[in-house]
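Participant: My questions will all concern the structure given below.
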Amino acid sequence: MTNPEAFNPLQFQFSPRLRSFCLFLIAIGMITLIIQFFLPWDGGGHGGSHSSGIAKQAGAHNVNPRFFLSIHLALLVFLPISLGGIYFVALTHITGSVWNITLRRLAEHFFCYLPVVLLMMVIVFLGAGDVFHHWVHAPPDDHLIQKKTPWLNLSSFVLRNIALVVAWFFFALIFRRRSLLQDTDGSLSHTKLMFRLSAVFLIFFALSYSVNSWDLSMSLEPHWFSTIWAIYIFSGMVLSVYAVLVLWVWYLKRKGYYGDDYLNENHIHDLGKFLWGHSIFWAYIAVSQYLLIWYGAIPEETQFFKTRTEEGWYYVSFGLPIIRFVIPFLLLMRRGAKRKIHYLAFVSLLILLGQVWDMYWIAYPTLAKGHFVWFSWQEVGALLAASGGFIYVTAIGLEKYPLIPTKDPRLSRCLDFHQ
């Protein structure tokens, strides 16, 4: 920004200040992870009367449970954001929507973080005996888990999920490659191909993300199951990706990018509507899941909620619908609120906090046999490292290409969009 005359609102420049901010987050996060690695958590300070030895009680095979679970928490938060960018792109192509054309290039770069997601996944798999100790080291007399071994065995579990990330990355590469080629030749054939590819991807996405949600989150409670778990995880994914899009738009608009010609309050209004609508969708799925289990009253199913209504987990459970639904619903109800990017950015931060809260609520009751474990610096450190990495990698991608697909045939309709 030192030379205003040379400033191009459609060409992102990775500023030294943003770069330093990302590296600072990564450094702080890595320091906390190193401390965790060399000074393993022993279960102290979890808020209950059992002030020590919980890590050992959780399973004889545990080595460093909180270190690996903190990375797993970051994985559960950032995998949906990276994959959600591809979902947003595919949804844009298959619906033929025009309001979000100028946002599409931003979402196209979210997939660049998938290699880092894969690295986090590999680290978690190295600590599978800690994170998934309930089935990795299940006793021989646990007949329910023994019956699930054709699916829940470590070799197929690892290969299956690594293969899914590679497949998602492959789809994303094709989407972005075609999008960039269209910037060069403006051919309509790219739009037609991406429409067909989106149909294939969305079918694959529905199946593959369901499998991934069963493995990475539902299998943390291997005796428990929910028939709508994949939809519940999906609802959080969509909320997260729209919230991150809003935050990037907020930052870019503050720095003068897009301007009012390429992204105005009408486009921002639609982002706000999607945030509001999907917060309702999350609440609908969450209530549906709870009621199905409540009136079924099957012991294997009710144990999940029973654990999360005991000790400090009761307050976490009580706060979850407030942070994930009540607050966003009320804050985004007014039309004017959805048209102010600064206001939407604040609400988006709350929505992302809700995603972290949700994944903590899902994962951490499995750490210490249901005993309450405070959210602490261990989790903050892993999330800071992942956040800094995501911003850094996305910014590197944005710097290489124009911020919008300059020759998309629907671009003119997007620029004229108003409501």
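Chain identifiers are assigned as A, B, and so on, following the order in which chains appear in the structure tokens; residues are numbered from 1 within each chain, and ligands are numbered from 1 in order of appearance.
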Need the shell around Leu126 (chain A): protein/DNA/RNA residues with any atom at most 10 Å away, counting only C-alpha atoms. Skip same-chain ones fewer than 6 positions apart. Format as a ChimeraX atom specification?
Facilitator: /A:68,120,158
Participant: Any chance you can output those residues with C-alpha atoms as a short mmCIF file (atom, residue, chain, number, x, y, z; two decimals), in the first residue's frame?
Facilitator:
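After the write, selection_1.cif holds the following:
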data_model
loop_
_atom_site.label_atom_id
_atom_site.label_comp_id
_atom_site.auth_asym_id
_atom_site.auth_seq_id
_atom_site.Cartn_x
_atom_site.Cartn_y
_atom_site.Cartn_z
CA PHE A 68 -2.56 -35.49 20.50
CA MET A 120 -2.22 -32.80 11.37
CA VAL A 158 -5.64 -44.47 8.50
#
Participant: Region 169-310 of chain A: which residues are helix (DSSP H, G or I) by DSSP, as an MDAnalysis selection string?
Facilitator: chainID A and resid 169:185 188:216 218:220 229:254 259:262 265:296 299:307
Participant: Mind giving me the straight-line distance from CA of Gln289 (chain A) to CA of Val117 (chain A) in Å, one decimal?
Facilitator: 28.0 Å
Participant: As an exercise, work out the distance from CA of Arg335 (chain A) to CA of Trp250 (chain A) in Å and give it to one decimal place.
Facilitator: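 Interatomic distance, CA of Arg335 (chain A) to CA of Trp250 (chain A): 18.2 Å.
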Participant: Within 12 Å of Ser189 (chain A), counting only C-alpha atoms, which residues qualify if same-chain residues fewer than 4 places away don't, as an NGL selection string?
Facilitator: :A and (178-179 or 181-182 or 185 or 193-196 or 408-409)
Participant: Once you count only C-alpha atoms, what closest atom pair and distance in Å to one decimal does each residue of region 276-340 of chain A within 12 Å of region 227-235 of chain A have, with rows by chain and rising residue number, as a Markdown table?
Facilitator:
| residue | atom | partner | partner_atom | distance |
| --- | --- | --- | --- | --- |
| A:Gly277 | CA | A:Ser235 | CA | 10.6 |
| A:His278 | CA | A:Ser235 | CA | 6.9 |
| A:Ser279 | CA | A:Ser235 | CA | 8.1 |
| A:Ile280 | CA | A:Ser235 | CA | 9.6 |
| A:Phe281 | CA | A:Ser235 | CA | 6.8 |
| A:Trp282 | CA | A:Ser235 | CA | 5.2 |
| A:Ala283 | CA | A:Ser235 | CA | 8.9 |
| A:Tyr284 | CA | A:Tyr232 | CA | 9.3 |
| A:Ile285 | CA | A:Tyr232 | CA | 5.9 |
| A:Ala286 | CA | A:Tyr232 | CA | 6.5 |
| A:Val287 | CA | A:Tyr232 | CA | 10.0 |
| A:Ser288 | CA | A:Ile228 | CA | 8.6 |
| A:Gln289 | CA | A:Ile228 | CA | 6.7 |
| A:Tyr290 | CA | A:Ile228 | CA | 10.3 |
| A:Leu291 | CA | A:Ile228 | CA | 11.7 |
| A:Leu292 | CA | A:Thr227 | CA | 9.4 |
| A:Ile293 | CA | A:Thr227 | CA | 9.9 |
| A:Glu301 | CA | A:Thr227 | CA | 10.5 |
| A:Arg324 | CA | A:Ser235 | CA | 10.8 |
| A:Phe325 | CA | A:Ser235 | CA | 11.7 |
Participant: Residues within 10 Å of Val165 (chain A), please, as a ChimeraX atom specification. Count only C-alpha atoms; anything in the same chain fewer than 2 positions from it doesn't count.
Facilitator: /A:79,83,114-115,117-118,121,160-163,167-170,208-209,212
Participant: Which residues come within 10 Å of Phe225 (chain A), counting only C-alpha atoms, excluding same-chain residues fewer than 5 positions away, as a ChimeraX atom specification?
Facilitator: /A:214,218-219,293,300-302,304
Participant: Output N, CA and C atoms for every residue in that selection, as a PDB file, in the first residue's frame.
Facilitator:
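Produced file result_7.pdb, reproduced below:
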ATOM      1  N   TRP A 214     -17.763 -39.969  10.768  1.00  0.00           N
ATOM      2  CA  TRP A 214     -17.874 -41.162  11.619  1.00  0.00           C
ATOM      3  C   TRP A 214     -16.525 -41.509  12.236  1.00  0.00           C
ATOM      4  N   MET A 218     -17.220 -39.376  15.584  1.00  0.00           N
ATOM      5  CA  MET A 218     -18.140 -40.300  16.229  1.00  0.00           C
ATOM      6  C   MET A 218     -17.418 -41.502  16.825  1.00  0.00           C
ATOM      7  N   SER A 219     -16.302 -41.917  16.227  1.00  0.00           N
ATOM      8  CA  SER A 219     -15.582 -43.086  16.754  1.00  0.00           C
ATOM      9  C   SER A 219     -14.839 -42.777  18.048  1.00  0.00           C
ATOM     10  N   ILE A 293     -32.706 -39.489  20.274  1.00  0.00           N
ATOM     11  CA  ILE A 293     -32.049 -40.310  21.291  1.00  0.00           C
ATOM     12  C   ILE A 293     -32.839 -40.288  22.594  1.00  0.00           C
ATOM     13  N   GLU A 300     -27.121 -47.488  24.912  1.00  0.00           N
ATOM     14  CA  GLU A 300     -25.912 -47.218  24.123  1.00  0.00           C
ATOM     15  C   GLU A 300     -25.940 -45.814  23.524  1.00  0.00           C
ATOM     16  N   GLU A 301     -27.130 -45.271  23.277  1.00  0.00           N
ATOM     17  CA  GLU A 301     -27.240 -43.948  22.674  1.00  0.00           C
ATOM     18  C   GLU A 301     -27.266 -42.837  23.725  1.00  0.00           C
ATOM     19  N   THR A 302     -27.962 -43.071  24.820  1.00  0.00           N
ATOM     20  CA  THR A 302     -28.115 -42.012  25.825  1.00  0.00           C
ATOM     21  C   THR A 302     -26.828 -41.721  26.590  1.00  0.00           C
ATOM     22  N   PHE A 304     -23.949 -40.915  25.590  1.00  0.00           N
ATOM     23  CA  PHE A 304     -23.264 -39.740  25.038  1.00  0.00           C
ATOM     24  C   PHE A 304     -23.728 -38.474  25.745  1.00  0.00           C
TER      25      PHE A 304
END
Participant: Measuring between only C-alpha atoms, which one of A:Gly85, A:Gly381, A:Pro150, A:Gly354 shows the shortest distance to Val316 (chain A)?
Facilitator: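 Of A:Gly85, A:Gly381, A:Pro150, A:Gly354, the one nearest Val316 (chain A) is A:Gly354, counting only C-alpha atoms.
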Participant: For a quick check of understanding, using only C-alpha atoms, which of A:Leu119, A:Ala74, A:Ala345, A:Ile268 has the smallest distance to Gly29 (chain A)?
Facilitator: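 Using only C-alpha atoms, the shortest distance to Gly29 (chain A) belongs to A:Ala74.
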Participant: Write out as a list of chain:residue names each polymer residue whose atoms come within 8 Å of Tyr242 (chain A), counting only C-alpha atoms; drop sequence neighbours fewer than 6 positions from it.
Facilitator: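 Here the qualifying residues turn out to be A:Leu271, A:Phe274, A:Leu275.
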Participant: I want to know what sits within 12 Å of Val244 (chain A), based on only C-alpha atoms, with residues of the same chain fewer than 3 positions away left out; could you give that as a PyMOL selection string?
Facilitator: chain A and resi 77-78+80-82+84-85+88+103+106-107+110+237-241+247-251+271+275+344-353+355+387+390-391+394
Participant: Put those residues in a file: N, CA and C atoms, as a JSON list (two decimals), in the first residue's frame.
Facilitator:
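selection_28.json, freshly written:
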[["chain", "number", "residue", "atom", "x", "y", "z"],
["A", 77, "VAL", "N", -11.59, -28.57, 13.67],
["A", 77, "VAL", "CA", -12.01, -27.20, 13.36],
["A", 77, "VAL", "C", -11.59, -26.79, 11.95],
["A", 78, "PHE", "N", -10.38, -27.15, 11.53],
["A", 78, "PHE", "CA", -9.85, -26.62, 10.27],
["A", 78, "PHE", "C", -10.06, -27.53, 9.07],
["A", 80, "PRO", "N", -12.98, -28.93, 8.28],
["A", 80, "PRO", "CA", -14.22, -28.44, 7.65],
["A", 80, "PRO", "C", -14.06, -27.13, 6.90],
["A", 81, "ILE", "N", -13.20, -26.24, 7.38],
["A", 81, "ILE", "CA", -13.01, -24.96, 6.70],
["A", 81, "ILE", "C", -12.33, -25.18, 5.35],
["A", 82, "SER", "N", -11.28, -26.00, 5.34],
["A", 82, "SER", "CA", -10.56, -26.27, 4.09],
["A", 82, "SER", "C", -11.45, -26.97, 3.09],
["A", 84, "GLY", "N", -14.71, -27.08, 3.25],
["A", 84, "GLY", "CA", -15.88, -26.24, 3.00],
["A", 84, "GLY", "C", -15.67, -25.27, 1.86],
["A", 85, "GLY", "N", -14.42, -24.84, 1.64],
["A", 85, "GLY", "CA", -14.15, -23.97, 0.50],
["A", 85, "GLY", "C", -14.46, -24.67, -0.81],
["A", 88, "PHE", "N", -18.23, -24.89, -1.19],
["A", 88, "PHE", "CA", -18.78, -23.60, -1.62],
["A", 88, "PHE", "C", -18.60, -23.41, -3.12],
["A", 103, "LEU", "N", -16.80, -13.91, -4.89],
["A", 103, "LEU", "CA", -16.30, -14.57, -3.68],
["A", 103, "LEU", "C", -15.68, -15.93, -3.98],
["A", 106, "LEU", "N", -11.87, -16.54, -3.68],
["A", 106, "LEU", "CA", -11.42, -16.59, -2.29],
["A", 106, "LEU", "C", -11.61, -17.99, -1.72],
["A", 107, "ALA", "N", -12.79, -18.57, -1.93],
["A", 107, "ALA", "CA", -13.06, -19.93, -1.43],
["A", 107, "ALA", "C", -12.18, -20.96, -2.12],
["A", 110, "PHE", "N", -9.04, -21.91, -0.17],
["A", 110, "PHE", "CA", -9.10, -22.57, 1.13],
["A", 110, "PHE", "C", -8.52, -23.98, 1.07],
["A", 237, "MET", "N", -19.76, -27.43, 9.57],
["A", 237, "MET", "CA", -18.82, -27.12, 8.49],
["A", 237, "MET", "C", -19.30, -25.92, 7.69],
["A", 238, "VAL", "N", -20.58, -25.92, 7.31],
["A", 238, "VAL", "CA", -21.10, -24.83, 6.48],
["A", 238, "VAL", "C", -21.06, -23.51, 7.23],
["A", 239, "LEU", "N", -21.44, -23.52, 8.50],
["A", 239, "LEU", "CA", -21.36, -22.31, 9.30],
["A", 239, "LEU", "C", -19.93, -21.78, 9.35],
["A", 240, "SER", "N", -18.97, -22.69, 9.54],
["A", 240, "SER", "CA", -17.57, -22.29, 9.67],
["A", 240, "SER", "C", -17.05, -21.65, 8.40],
["A", 241, "VAL", "N", -17.36, -22.25, 7.25],
["A", 241, "VAL", "CA", -16.78, -21.74, 6.01],
["A", 241, "VAL", "C", -17.38, -20.38, 5.65],
["A", 247, "LEU", "N", -14.86, -13.13, 7.38],
["A", 247, "LEU", "CA", -13.68, -12.53, 8.00],
["A", 247, "LEU", "C", -12.64, -12.13, 6.95],
["A", 248, "TRP", "N", -12.48, -12.96, 5.92],
["A", 248, "TRP", "CA", -11.55, -12.59, 4.86],
["A", 248, "TRP", "C", -12.07, -11.36, 4.09],
["A", 249, "VAL", "N", -13.36, -11.34, 3.82],
["A", 249, "VAL", "CA", -13.94, -10.18, 3.12],
["A", 249, "VAL", "C", -13.76, -8.92, 3.97],
["A", 250, "TRP", "N", -14.00, -9.05, 5.27],
["A", 250, "TRP", "CA", -13.82, -7.91, 6.16],
["A", 250, "TRP", "C", -12.39, -7.38, 6.09],
["A", 251, "TYR", "N", -11.41, -8.29, 6.14],
["A", 251, "TYR", "CA", -10.01, -7.86, 6.09],
["A", 251, "TYR", "C", -9.68, -7.23, 4.74],
["A", 271, "LEU", "N", -24.21, -13.14, 2.29],
["A", 271, "LEU", "CA", -23.37, -13.86, 3.24],
["A", 271, "LEU", "C", -24.02, -13.89, 4.62],
["A", 275, "LEU", "N", -25.31, -17.14, 6.88],
["A", 275, "LEU", "CA", -24.91, -17.35, 8.28],
["A", 275, "LEU", "C", -26.14, -17.53, 9.17],
["A", 344, "LEU", "N", -20.90, -8.20, 10.76],
["A", 344, "LEU", "CA", -20.86, -9.62, 10.39],
["A", 344, "LEU", "C", -19.56, -10.27, 10.82],
["A", 345, "ALA", "N", -18.47, -9.52, 10.76],
["A", 345, "ALA", "CA", -17.17, -10.07, 11.17],
["A", 345, "ALA", "C", -17.18, -10.43, 12.64],
["A", 346, "PHE", "N", -17.78, -9.57, 13.47],
["A", 346, "PHE", "CA", -17.89, -9.85, 14.90],
["A", 346, "PHE", "C", -18.73, -11.11, 15.14],
["A", 347, "VAL", "N", -19.87, -11.20, 14.47],
["A", 347, "VAL", "CA", -20.73, -12.38, 14.62],
["A", 347, "VAL", "C", -20.00, -13.63, 14.12],
["A", 348, "SER", "N", -19.23, -13.50, 13.06],
["A", 348, "SER", "CA", -18.49, -14.65, 12.50],
["A", 348, "SER", "C", -17.46, -15.17, 13.50],
["A", 349, "LEU", "N", -16.83, -14.26, 14.23],
["A", 349, "LEU", "CA", -15.91, -14.70, 15.28],
["A", 349, "LEU", "C", -16.64, -15.51, 16.34],
["A", 350, "LEU", "N", -17.84, -15.09, 16.70],
["A", 350, "LEU", "CA", -18.64, -15.85, 17.67],
["A", 350, "LEU", "C", -19.02, -17.22, 17.10],
["A", 351, "ILE", "N", -19.32, -17.27, 15.81],
["A", 351, "ILE", "CA", -19.69, -18.53, 15.17],
["A", 351, "ILE", "C", -18.51, -19.50, 15.16],
["A", 352, "LEU", "N", -17.32, -18.99, 14.89],
["A", 352, "LEU", "CA", -16.13, -19.84, 14.92],
["A", 352, "LEU", "C", -15.81, -20.28, 16.35],
["A", 353, "LEU", "N", -16.04, -19.39, 17.31],
["A", 353, "LEU", "CA", -15.91, -19.79, 18.71],
["A", 353, "LEU", "C", -16.88, -20.91, 19.02],
["A", 355, "GLN", "N", -17.93, -23.15, 16.90],
["A", 355, "GLN", "CA", -17.41, -24.38, 16.30],
["A", 355, "GLN", "C", -16.35, -25.03, 17.19],
["A", 387, "SER", "N", -4.51, -21.68, 13.10],
["A", 387, "SER", "CA", -5.07, -20.44, 12.56],
["A", 387, "SER", "C", -4.02, -19.66, 11.78],
["A", 390, "PHE", "N", -3.32, -21.39, 8.53],
["A", 390, "PHE", "CA", -4.40, -21.25, 7.54],
["A", 390, "PHE", "C", -4.36, -19.88, 6.88],
["A", 391, "ILE", "N", -4.21, -18.82, 7.68],
["A", 391, "ILE", "CA", -4.17, -17.47, 7.11],
["A", 391, "ILE", "C", -2.96, -17.33, 6.18],
["A", 394, "THR", "N", -3.46, -19.44, 2.88],
["A", 394, "THR", "CA", -4.49, -18.83, 2.04],
["A", 394, "THR", "C", -3.98, -17.54, 1.41]]
Participant: Choose the residue, out of A:Leu207, A:Phe111, A:Leu320, A:Leu367, that has the smallest atom-to-atom separation from Asp42 (chain A); count only C-alpha atoms.
Facilitator: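 Among the listed residues, the smallest separation from Asp42 (chain A) belongs to A:Leu367.
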Participant: For a test of reading the model, state the distance in Å between CA of Gln303 (chain A) and CA of Gly370 (chain A), rounded to one decimal.
Facilitator: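 We find that CA of Gln303 (chain A) and CA of Gly370 (chain A) lie 10.3 Å from each other.
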